[in-house]
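Structure file my_file_25.cif (mmCIF, C-alpha atoms and all ligand atoms) is printed below.
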data_upload
#
loop_
_atom_site.label_atom_id
_atom_site.label_comp_id
_atom_site.auth_asym_id
_atom_site.auth_seq_id
_atom_site.Cartn_x
_atom_site.Cartn_y
_atom_site.Cartn_z
CA MET G 1 -28.79 1.73 29.71
CA THR G 2 -25.03 1.27 30.19
CA ARG G 3 -23.36 -0.56 27.35
CA TYR G 4 -20.30 -2.77 27.77
CA ALA G 5 -17.93 -4.09 25.09
CA HIS G 6 -17.47 -7.83 25.57
CA ILE G 7 -14.89 -10.02 23.84
CA THR G 8 -17.11 -12.78 22.49
CA GLY G 9 -15.03 -14.46 19.79
CA TRP G 10 -11.36 -15.20 19.10
CA GLY G 11 -9.33 -16.87 16.40
CA ALA G 12 -5.75 -17.22 15.19
CA ALA G 13 -4.16 -18.14 11.88
CA VAL G 14 -0.49 -18.97 11.36
CA PRO G 15 1.32 -20.24 8.26
CA GLU G 16 2.28 -23.91 8.16
CA LYS G 17 5.94 -23.38 7.31
CA ILE G 18 8.21 -23.44 10.37
CA LEU G 19 11.65 -21.81 10.33
CA THR G 20 13.81 -23.07 13.21
CA ASN G 21 16.86 -21.39 14.74
CA ASP G 22 19.01 -24.08 13.12
CA ASP G 23 17.48 -23.19 9.73
CA LEU G 24 18.41 -19.55 10.39
CA ALA G 25 21.97 -20.51 11.26
CA GLN G 26 22.24 -21.69 7.62
CA ILE G 27 21.29 -18.20 6.42
CA VAL G 28 23.14 -15.81 8.79
CA GLU G 29 25.97 -16.16 11.30
CA THR G 30 24.02 -17.15 14.40
CA SER G 31 23.18 -20.20 16.49
CA ASP G 32 20.22 -21.83 18.20
CA GLU G 33 21.97 -21.28 21.53
CA TRP G 34 22.45 -17.51 20.94
CA ILE G 35 18.86 -16.93 19.81
CA ARG G 36 17.32 -19.01 22.61
CA SER G 37 19.41 -17.47 25.39
CA ARG G 38 18.96 -13.86 24.17
CA THR G 39 15.28 -14.04 23.14
CA GLY G 40 13.63 -17.34 24.14
CA ILE G 41 12.61 -17.95 20.51
CA ARG G 42 13.04 -21.47 19.07
CA GLU G 43 11.11 -21.19 15.81
CA ARG G 44 8.75 -18.92 13.89
CA ARG G 45 6.17 -19.29 11.09
CA ILE G 46 6.81 -17.97 7.59
CA ALA G 47 4.03 -17.16 5.10
CA ALA G 48 3.79 -19.14 1.88
CA PRO G 49 3.87 -17.10 -1.37
CA GLU G 50 0.08 -17.23 -1.71
CA GLU G 51 -0.42 -16.02 1.87
CA SER G 52 -0.40 -12.37 2.90
CA THR G 53 -1.35 -10.12 5.79
CA ALA G 54 -4.92 -9.91 4.45
CA THR G 55 -5.38 -13.68 3.94
CA LEU G 56 -4.09 -14.50 7.44
CA ALA G 57 -6.23 -11.70 8.89
CA SER G 58 -9.34 -12.99 7.10
CA GLU G 59 -8.76 -16.56 8.31
CA ALA G 60 -8.37 -15.38 11.92
CA ALA G 61 -11.46 -13.15 11.62
CA LEU G 62 -13.65 -15.98 10.28
CA LYS G 63 -12.56 -18.25 13.16
CA ALA G 64 -13.37 -15.51 15.68
CA LEU G 65 -16.82 -14.97 14.13
CA GLU G 66 -17.47 -18.70 14.33
CA VAL G 67 -16.64 -18.75 18.06
CA ALA G 68 -18.97 -15.76 18.57
CA SER G 69 -21.67 -17.51 16.46
CA ILE G 70 -22.34 -14.46 14.35
CA SER G 71 -22.31 -13.91 10.61
CA PRO G 72 -20.03 -11.46 8.77
CA SER G 73 -23.12 -9.40 7.85
CA GLN G 74 -23.61 -8.54 11.52
CA VAL G 75 -20.22 -6.83 11.74
CA ASP G 76 -20.34 -3.01 11.91
CA LEU G 77 -16.60 -2.29 12.01
CA ILE G 78 -13.33 -4.02 11.11
CA ILE G 79 -10.02 -2.66 12.40
CA VAL G 80 -6.76 -4.22 11.26
CA ALA G 81 -3.67 -3.31 13.26
CA SER G 82 -0.55 -4.14 11.30
CA SER G 83 3.12 -3.23 10.92
CA SER G 84 3.19 -5.03 7.56
CA PRO G 85 -0.06 -3.96 5.86
CA GLU G 86 -0.80 -5.25 2.39
CA TYR G 87 -0.33 -1.77 0.85
CA LEU G 88 0.17 1.85 1.98
CA PHE G 89 -3.43 2.10 0.79
CA PRO G 90 -6.09 0.77 0.46
CA ALA G 91 -6.39 -0.44 4.03
CA THR G 92 -5.86 -4.15 4.65
CA ALA G 93 -9.11 -3.98 6.65
CA CYS G 94 -11.01 -3.24 3.41
CA LEU G 95 -9.55 -6.38 1.78
CA VAL G 96 -10.59 -8.39 4.85
CA GLN G 97 -14.09 -6.86 4.67
CA ASP G 98 -14.37 -8.13 1.11
CA HIS G 99 -12.78 -11.57 1.78
CA ILE G 100 -15.09 -12.39 4.67
CA GLY G 101 -18.22 -10.79 3.14
CA ALA G 102 -18.86 -8.26 5.92
CA ASP G 103 -21.17 -6.28 3.67
CA LYS G 104 -22.33 -3.76 6.29
CA ALA G 105 -18.98 -2.99 7.93
CA GLY G 106 -16.76 0.07 7.91
CA ALA G 107 -13.08 -0.83 7.77
CA PHE G 108 -9.78 0.88 8.49
CA ASP G 109 -6.18 0.12 9.44
CA LEU G 110 -4.49 1.29 12.59
CA SER G 111 -0.75 1.92 12.76
CA ALA G 112 0.83 1.74 16.22
CA ALA G 113 3.43 -0.97 15.49
CA CYS G 114 3.34 -3.86 17.98
CA THR G 115 1.03 -1.92 20.34
CA GLY G 116 -1.52 -1.69 17.52
CA PHE G 117 -3.78 -4.51 18.70
CA ILE G 118 -4.23 -2.86 22.11
CA TYR G 119 -4.96 0.53 20.53
CA ALA G 120 -7.43 -1.08 18.10
CA LEU G 121 -9.26 -3.01 20.85
CA ASN G 122 -9.62 0.21 22.80
CA MET G 123 -10.97 2.09 19.73
CA ALA G 124 -13.53 -0.62 18.96
CA ALA G 125 -14.62 -0.87 22.61
CA SER G 126 -15.13 2.91 22.76
CA GLN G 127 -17.30 2.82 19.63
CA ILE G 128 -19.41 0.06 21.16
CA ARG G 129 -19.80 1.79 24.53
CA THR G 130 -20.96 5.06 22.93
CA GLY G 131 -23.67 3.18 21.00
CA ALA G 132 -22.19 4.05 17.60
CA ILE G 133 -21.85 0.36 16.73
CA ASP G 134 -22.83 -3.04 18.13
CA THR G 135 -20.23 -5.43 16.74
CA ALA G 136 -16.57 -5.09 15.79
CA VAL G 137 -13.83 -7.39 14.58
CA VAL G 138 -10.35 -6.36 15.72
CA ILE G 139 -7.42 -8.04 14.03
CA GLY G 140 -3.64 -8.02 14.45
CA ALA G 141 -1.99 -9.45 11.33
CA GLU G 142 1.54 -9.60 9.97
CA THR G 143 3.80 -10.95 7.28
CA LEU G 144 6.96 -9.38 8.68
CA SER G 145 9.06 -12.02 6.89
CA ARG G 146 8.53 -9.85 3.78
CA LEU G 147 9.99 -6.75 5.48
CA VAL G 148 13.08 -8.08 7.25
CA ASN G 149 16.53 -8.14 5.77
CA TRP G 150 17.43 -11.82 5.72
CA GLU G 151 21.11 -10.82 5.81
CA ASP G 152 20.73 -8.85 9.07
CA ARG G 153 21.09 -11.22 12.03
CA ASN G 154 20.09 -8.44 14.45
CA THR G 155 16.51 -8.44 13.17
CA CYS G 156 15.75 -11.49 11.01
CA ILE G 157 15.92 -13.88 13.97
CA LEU G 158 13.19 -12.06 15.87
CA PHE G 159 10.10 -11.87 13.72
CA GLY G 160 7.41 -14.27 12.50
CA ASP G 161 4.14 -14.22 10.51
CA GLY G 162 0.59 -14.76 11.75
CA ALA G 163 -2.73 -13.19 12.70
CA GLY G 164 -5.16 -13.11 15.60
CA ALA G 165 -8.65 -11.65 15.87
CA PHE G 166 -11.22 -10.80 18.53
CA VAL G 167 -14.94 -10.14 18.08
CA LEU G 168 -16.30 -7.40 20.35
CA GLN G 169 -20.02 -7.07 20.99
CA ALA G 170 -22.27 -4.71 22.90
CA CYS G 171 -23.95 -6.14 25.97
CA GLU G 172 -25.73 -4.60 28.95
CA GLU G 173 -24.17 -7.07 31.36
CA PRO G 174 -21.11 -5.53 33.12
CA GLY G 175 -17.75 -6.88 31.94
CA GLY G 176 -15.63 -6.86 28.83
CA VAL G 177 -13.13 -4.05 28.28
CA MET G 178 -12.73 -2.23 31.61
CA SER G 179 -9.79 0.15 31.18
CA ALA G 180 -7.01 1.05 28.79
CA VAL G 181 -3.77 3.01 28.69
CA MET G 182 -2.32 4.31 25.41
CA ARG G 183 1.04 6.09 25.33
CA SER G 184 3.59 7.27 22.77
CA ASP G 185 6.98 8.95 22.50
CA GLY G 186 7.76 10.00 18.94
CA SER G 187 11.22 11.21 19.94
CA GLY G 188 12.18 7.52 19.72
CA ALA G 189 10.76 7.10 16.20
CA LYS G 190 14.11 6.20 14.67
CA LEU G 191 14.81 3.38 17.14
CA LEU G 192 12.50 1.05 15.23
CA MET G 193 11.39 1.90 11.74
CA LEU G 194 10.97 0.98 8.11
CA PRO G 195 12.26 4.16 6.47
CA ALA G 196 11.54 3.86 2.74
CA GLY G 197 8.40 3.40 0.67
CA GLY G 198 6.38 6.19 2.31
CA SER G 199 6.26 9.86 1.34
CA ARG G 200 9.45 10.79 3.24
CA TYR G 201 11.63 8.40 1.25
CA PRO G 202 9.66 7.16 -1.78
CA ALA G 203 11.04 3.93 -3.19
CA THR G 204 13.97 4.50 -5.56
CA THR G 205 16.84 2.31 -6.71
CA GLU G 206 18.91 4.24 -4.15
CA THR G 207 16.60 3.40 -1.19
CA VAL G 208 16.60 -0.24 -2.27
CA ARG G 209 20.39 -0.26 -2.64
CA LYS G 210 20.71 1.11 0.91
CA GLY G 211 18.24 -1.46 2.29
CA MET G 212 15.91 1.29 3.51
CA HIS G 213 12.86 -0.84 2.68
CA TYR G 214 13.77 -3.25 5.51
CA ILE G 215 13.01 -3.04 9.25
CA GLN G 216 15.77 -1.18 11.09
CA MET G 217 16.12 -1.43 14.84
CA SER G 218 18.36 -0.29 17.68
CA GLY G 219 17.87 -3.48 19.67
CA ARG G 220 19.49 -2.44 22.96
CA GLU G 221 17.58 0.86 23.20
CA VAL G 222 14.26 -0.83 22.36
CA PHE G 223 15.03 -3.47 24.98
CA ARG G 224 15.69 -0.82 27.67
CA PHE G 225 12.51 1.09 26.75
CA ALA G 226 10.41 -2.10 26.76
CA THR G 227 11.58 -3.25 30.20
CA ARG G 228 10.72 0.21 31.58
CA VAL G 229 7.18 0.54 30.20
CA MET G 230 5.70 -2.97 30.46
CA ALA G 231 5.36 -3.03 34.26
CA GLN G 232 4.43 0.66 34.39
CA ALA G 233 1.55 0.33 31.87
CA THR G 234 0.27 -2.81 33.61
CA ARG G 235 0.13 -1.03 36.98
CA GLU G 236 -1.65 1.96 35.43
CA VAL G 237 -4.33 -0.04 33.65
CA VAL G 238 -5.07 -2.14 36.74
CA GLU G 239 -5.41 0.96 38.91
CA LYS G 240 -7.63 2.64 36.29
CA ALA G 241 -10.00 -0.35 36.45
CA GLY G 242 -10.20 -0.01 40.24
CA LEU G 243 -8.53 -3.40 40.74
CA THR G 244 -5.26 -4.65 42.22
CA LEU G 245 -2.65 -6.92 40.65
CA GLU G 246 -3.98 -9.76 42.83
CA ASP G 247 -7.31 -9.49 40.96
CA VAL G 248 -5.60 -10.17 37.62
CA ASN G 249 -5.75 -13.83 36.61
CA LEU G 250 -3.55 -13.62 33.53
CA ILE G 251 -1.27 -11.13 31.77
CA VAL G 252 -0.87 -11.59 28.02
CA PRO G 253 2.17 -9.52 27.06
CA HIS G 254 3.50 -8.67 23.61
CA GLN G 255 5.65 -11.67 22.70
CA ALA G 256 8.93 -10.00 21.75
CA ASN G 257 11.55 -11.42 24.08
CA GLN G 258 11.41 -13.73 27.11
CA ARG G 259 13.89 -11.48 28.94
CA ILE G 260 11.57 -8.47 28.53
CA ILE G 261 8.64 -10.49 29.94
CA ASP G 262 10.80 -11.74 32.84
CA ALA G 263 11.81 -8.14 33.62
CA ALA G 264 8.11 -7.12 33.67
CA ALA G 265 7.31 -10.00 36.03
CA ARG G 266 10.14 -8.93 38.35
CA GLY G 267 9.01 -5.28 38.18
CA LEU G 268 5.46 -6.29 39.13
CA LYS G 269 6.65 -8.85 41.70
CA LEU G 270 4.43 -11.46 40.04
CA PRO G 271 5.25 -15.14 39.43
CA ALA G 272 6.13 -16.14 35.86
CA ASP G 273 3.04 -18.38 35.63
CA ARG G 274 0.80 -15.28 35.71
CA PHE G 275 2.09 -14.50 32.17
CA MET G 276 1.00 -16.25 28.98
CA VAL G 277 4.08 -16.89 26.83
CA ASN G 278 4.29 -18.73 23.51
CA LEU G 279 7.01 -16.72 21.75
CA GLU G 280 9.26 -19.79 21.63
CA ARG G 281 7.06 -21.15 18.80
CA TYR G 282 6.07 -17.99 16.91
CA GLY G 283 8.76 -15.34 17.54
CA ASN G 284 7.66 -11.72 17.54
CA THR G 285 4.53 -11.48 15.38
CA SER G 286 4.10 -7.77 16.24
CA THR G 287 0.39 -6.81 16.36
CA ALA G 288 -0.64 -10.47 16.11
CA SER G 289 1.34 -11.70 19.11
CA ILE G 290 -1.18 -10.77 21.81
CA PRO G 291 -4.28 -12.28 20.16
CA ILE G 292 -2.36 -15.42 19.09
CA ALA G 293 -1.20 -15.90 22.70
CA ALA G 294 -4.70 -15.15 24.05
CA VAL G 295 -6.29 -17.78 21.79
CA GLU G 296 -3.77 -20.35 23.02
CA ALA G 297 -4.48 -19.32 26.64
CA VAL G 298 -8.20 -20.00 26.07
CA GLU G 299 -7.46 -23.36 24.42
CA LYS G 300 -5.23 -24.37 27.35
CA GLY G 301 -7.86 -23.35 29.92
CA ARG G 302 -5.67 -20.53 31.28
CA LEU G 303 -8.22 -17.85 30.32
CA ARG G 304 -11.83 -18.52 31.31
CA PRO G 305 -15.07 -16.48 31.34
CA GLY G 306 -15.04 -14.10 34.31
CA ASP G 307 -11.21 -13.88 34.50
CA HIS G 308 -9.53 -10.50 34.56
CA VAL G 309 -6.88 -10.35 31.85
CA VAL G 310 -4.34 -7.63 31.03
CA PHE G 311 -2.98 -7.23 27.50
CA VAL G 312 0.21 -5.17 27.53
CA GLY G 313 2.59 -4.24 24.74
CA PHE G 314 5.18 -1.89 23.28
CA GLY G 315 6.57 -1.16 19.86
CA GLY G 316 7.72 1.26 17.21
CA GLY G 317 6.58 4.85 17.40
CA LEU G 318 7.56 4.52 20.14
CA THR G 319 4.22 3.32 21.45
CA TRP G 320 3.13 1.31 24.46
CA GLY G 321 -0.13 0.48 26.16
CA ALA G 322 -2.25 -1.90 28.16
CA LEU G 323 -5.89 -2.95 28.27
CA LEU G 324 -7.73 -4.75 31.06
CA ALA G 325 -10.79 -6.87 30.27
CA GLN G 326 -13.04 -9.28 32.04
CA TRP G 327 -13.01 -12.25 29.71
CA SER G 328 -16.41 -13.20 28.26
CA GLY G 329 -17.80 -16.04 26.21
CA PRO G 330 -20.00 -16.07 23.13
CA LEU G 331 -22.93 -13.67 23.64
CA ALA G 332 -25.22 -16.15 21.89
CA GLU G 333 -25.19 -18.11 25.14
CA ARG G 334 -27.00 -15.27 26.95
CA PRO G 335 -29.35 -13.70 24.36
CA ALA G 336 -31.56 -12.07 26.99
CA ARG G 337 -28.70 -9.68 27.81
CA ARG G 338 -28.22 -8.46 24.25
CA VAL G 339 -28.75 -4.78 23.53
CA PRO G 340 -31.24 -3.81 20.78
CA GLU G 341 -29.64 -4.21 17.40
CA ILE G 342 -28.44 -1.11 15.56
CA PRO G 343 -30.55 -1.81 12.39
CA ARG G 344 -33.69 -1.48 14.49
CA LEU G 345 -32.46 1.86 15.84
CA HIS G 346 -31.69 2.95 12.28
CA ARG G 347 -35.20 1.99 11.19
CA ALA G 348 -36.71 4.00 14.07
CA ARG G 349 -34.55 7.02 13.17
CA GLY G 350 -35.56 6.66 9.49
CA LEU G 351 -39.28 6.71 10.40
CA MET G 352 -38.76 9.83 12.54
CA ARG G 353 -37.00 11.56 9.64
CA ARG G 354 -39.81 10.66 7.21
CA ALA G 355 -42.47 11.91 9.66
CA ARG G 356 -40.63 15.23 10.09
CA ARG G 357 -40.31 15.66 6.33
CA PHE G 358 -44.05 14.88 5.93
CA VAL G 359 -45.00 17.59 8.46
CA GLU G 360 -42.63 20.07 6.83
CA GLY G 361 -44.23 19.16 3.48
CA LEU G 362 -47.66 20.03 4.87
CA ILE G 363 -46.37 23.40 6.09
CA TRP G 364 -44.22 24.39 3.07
CA GLY G 365 -46.20 22.59 0.38
CA ARG G 366 -43.22 20.48 -0.65
CA TYR G 367 -40.29 18.67 0.94
CA PRO G 368 -37.64 21.31 1.80
CA ASP G 369 -34.86 19.43 0.00
CA GLU G 370 -36.90 18.95 -3.23
CA LYS G 371 -35.63 20.93 -6.23
N1 LIG G 401 23.43 -14.19 16.47
C1 LIG G 401 24.64 -14.04 17.04
N2 LIG G 401 25.09 -12.86 17.46
C2 LIG G 401 24.32 -11.80 17.32
C3 LIG G 401 23.04 -11.87 16.74
C4 LIG G 401 22.61 -13.14 16.29
N3 LIG G 401 21.39 -13.32 15.73
N4 LIG G 401 22.47 -10.66 16.73
C5 LIG G 401 23.36 -9.83 17.29
N5 LIG G 401 24.48 -10.51 17.64
C6 LIG G 401 25.69 -10.01 18.28
C7 LIG G 401 25.82 -8.53 18.10
O1 LIG G 401 26.43 -8.22 16.86
C8 LIG G 401 26.68 -8.14 19.28
O2 LIG G 401 28.02 -8.40 18.95
P1 LIG G 401 29.16 -7.30 19.30
O3 LIG G 401 29.10 -7.17 20.80
O4 LIG G 401 30.36 -7.95 18.77
O5 LIG G 401 28.72 -6.08 18.57
C9 LIG G 401 26.29 -9.16 20.34
O6 LIG G 401 25.61 -10.22 19.68
C10 LIG G 401 25.37 -8.58 21.40
O7 LIG G 401 24.39 -7.78 20.78
P2 LIG G 401 23.31 -7.03 21.63
O8 LIG G 401 22.52 -6.14 20.72
O9 LIG G 401 23.92 -6.42 22.84
O10 LIG G 401 22.41 -8.24 22.12
P3 LIG G 401 21.21 -8.17 23.14
O11 LIG G 401 21.49 -9.02 24.29
O12 LIG G 401 20.74 -6.77 23.38
O13 LIG G 401 20.07 -8.90 22.31
C11 LIG G 401 18.16 -8.34 20.98
C12 LIG G 401 19.67 -8.37 21.06
C13 LIG G 401 17.66 -9.78 21.09
C14 LIG G 401 17.75 -7.76 19.65
C15 LIG G 401 17.60 -7.51 22.15
O14 LIG G 401 18.27 -6.27 22.21
C16 LIG G 401 16.12 -7.26 22.04
O15 LIG G 401 15.33 -8.17 22.14
N6 LIG G 401 15.73 -5.99 21.88
C17 LIG G 401 14.34 -5.64 21.77
C18 LIG G 401 13.91 -5.85 20.35
C19 LIG G 401 12.41 -5.89 20.20
O16 LIG G 401 11.69 -6.34 21.04
N7 LIG G 401 11.99 -5.39 19.03
C20 LIG G 401 10.65 -5.47 18.64
C21 LIG G 401 9.85 -4.33 19.14
S1 LIG G 401 8.21 -4.55 18.72
C22 LIG G 401 7.86 -3.80 17.20
O17 LIG G 401 7.37 -2.70 17.17
C23 LIG G 401 8.15 -4.53 15.92
#

Please rewrite the model in this file as structure tokens.
Amino acid sequence: MTRYAHITGWGAAVPEKILTNDDLAQIVETSDEWIRSRTGIRERRIAAPEESTATLASEAALKALEVASISPSQVDLIIVASSSPEYLFPATACLVQDHIGADKAGAFDLSAACTGFIYALNMAASQIRTGAIDTAVVIGAETLSRLVNWEDRNTCILFGDGAGAFVLQACEEPGGVMSAVMRSDGSGAKLLMLPAGGSRYPATTETVRKGMHYIQMSGREVFRFATRVMAQATREVVEKAGLTLEDVNLIVPHQANQRIIDAAARGLKLPADRFMVNLERYGNTSTASIPIAAVEAVEKGRLRPGDHVVFVGFGGGLTWGALLAQWSGPLAERPARRVPEIPRLHRARGLMRRARRFVEGLIWGRYPDEK
């Protein structure tokens, strides 16, 4: 039986507090006109003190589980992609596992900067297709407002906080994740980084004095890299799925800069309306930007069951990638197509193990692993 990894639930969570470009102009030397014309961003959300990457991630995950009509106990795996994880360790995914009560799930974080959500979706889909798991929750979550230097106008105008989550489930009906492209170029590591706080530069008064615990970026170089790879990765992933660009109903790009998305549209010779864009209201929410935009696309009726959608992104690392999926709906609406649940397989394997040990006991007079 061929197994497919369908996207069956989705949810987003953003803080209530809005920071407009005019608000920013009170903090650094900038203007609404400059930010809008260079990036397309009008406002972004900023986490309240009691909010964090894990709380936003948990909220998005619970909404996605509700759409999929499944309980947290049915989740086998949680992956959180984040550029602003709660801690170096433990993984933010473990905190989410606890918050949402996913008592049977494994959990880990994935670090691929803004491309992280695409990498994580691909990892979860692979696990589902091999039969290792049945159900995964993949989350992109950020509180980048805690990692930007609010005195650096080159970076603080770009980023925002938020989270988005997808539920992936095994199904024998063709569809779901169809192809993926994951790429990296570590020679560009220094173009976009947060240098201090890891093992290379542990936090000291000196690293804090030098502002090494803030995001540092070579904006122009990242811009040039992004415009090069977005169209290229989209073409590759479409070809890998055996489709053409005409078959793609919607492209949900990483929401970093309107000019980067326009360049990708020109490179692909596609009209602007084939791209989902909502960066004007959220800014660059890194790993969360693609799922937040996808949720809005569903709500606006721009992404419907059966549609072919491409998620494409780039980020620090450098990393870039794309994933093509046929959009699904909640699996609960077609129970006949569900694959047998993993617990039943586990039970069958357990019985086989006990039977083998019983036979070995008859032969050797005791269980081989008994002391
Ligand atoms: N307000 C006013 N002026 C500004 C501001 C600001 N907020 N920021 C920079 N400037 C000035 C610069 O100092 C510069 O002045 P100078 O010429 O006197 O030195 C001038 O504006 C032009 O600066 P550029 O860097 O050339 O501006 P550019 O048009 O490239 O836009 C931007 C800058 C928006 C950062 C752009 O380069 C960009 O979007 N780059 C990609 C960044 C990105 O997407 N990063 C996220 C990657 S995803 C991840 O992994 C987190």

CA of Ala165 (chain G) and CA of Ala57 (chain G) are how many Å apart? 7.4 Å

Dump the neighbourhood of ligand LIG 401 (chain G) as a PyMOL selection string: all residues within 9 Å, distances computed on only C-alpha atoms and all ligand atoms. chain G and resi 24-25+28-35+37-39+83+112-116+144+152-159+192-193+215+217-226+254-260+284-287+313-319

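If all atoms listed in the file are the atoms counted, then among G:Lys104, G:His99, G:His6, G:His308 the closest residue to Ala241 (chain G) is G:His308.
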
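Closest to Arg45 (chain G) among G:Ala189, G:Asp273, G:Asn122, G:Ala13 is G:Ala13, based on only C-alpha atoms.
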
Could you list, as a ChimeraX atom specification, every residue within 8 Å of Ala124 (chain G), counting all atoms listed in the file and ignoring same-chain residues fewer than 2 positions away? /G:77,79,120-122,126-128,136,138,168

List the neighbours of Ala93 (chain G) out to 9 Å using all atoms listed in the file; skip same-chain residues closer than 3 positions along the sequence, and give me the result as a compact mmCIF listing (two decimals) with C-alpha atoms, keeping the file's coordinate frame.
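Below you can see out-v1.txt, which holds the result:
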# COMPACT_ATOMS: atom_id res chain seq x y z
CA ALA G 54 -4.92 -9.91 4.45
CA ALA G 57 -6.23 -11.70 8.89
CA ILE G 78 -13.33 -4.02 11.11
CA ILE G 79 -10.02 -2.66 12.40
CA VAL G 80 -6.76 -4.22 11.26
CA ALA G 81 -3.67 -3.31 13.26
CA PRO G 90 -6.09 0.77 0.46
CA VAL G 96 -10.59 -8.39 4.85
CA GLN G 97 -14.09 -6.86 4.67
CA ASP G 98 -14.37 -8.13 1.11
CA GLY G 106 -16.76 0.07 7.91
CA ALA G 107 -13.08 -0.83 7.77
CA PHE G 108 -9.78 0.88 8.49
CA ASP G 109 -6.18 0.12 9.44
CA ILE G 139 -7.42 -8.04 14.03

Pick from G:Glu16, G:Glu86, G:Glu66, G:Asp262 nearest to Arg281 (chain G), counting only C-alpha atoms: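 Going through G:Glu16, G:Glu86, G:Glu66, G:Asp262 one by one, the smallest distance to Arg281 (chain G) is for G:Glu16.
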
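One finds CA of Leu62 (chain G) at 26.0 Å from CA of Leu19 (chain G).
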
Here is a test: counting all atoms listed in the file, which residue of G:Val167, G:Gly160, G:Leu268, G:Asp103 is nearest to Thr20 (chain G)?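 Checking each of G:Val167, G:Gly160, G:Leu268, G:Asp103 against Thr20 (chain G), counting all atoms listed in the file, the winner is G:Gly160.
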
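For the pair CA of Ala132 (chain G) and CA of Val312 (chain G), the separation is 26.2 Å.
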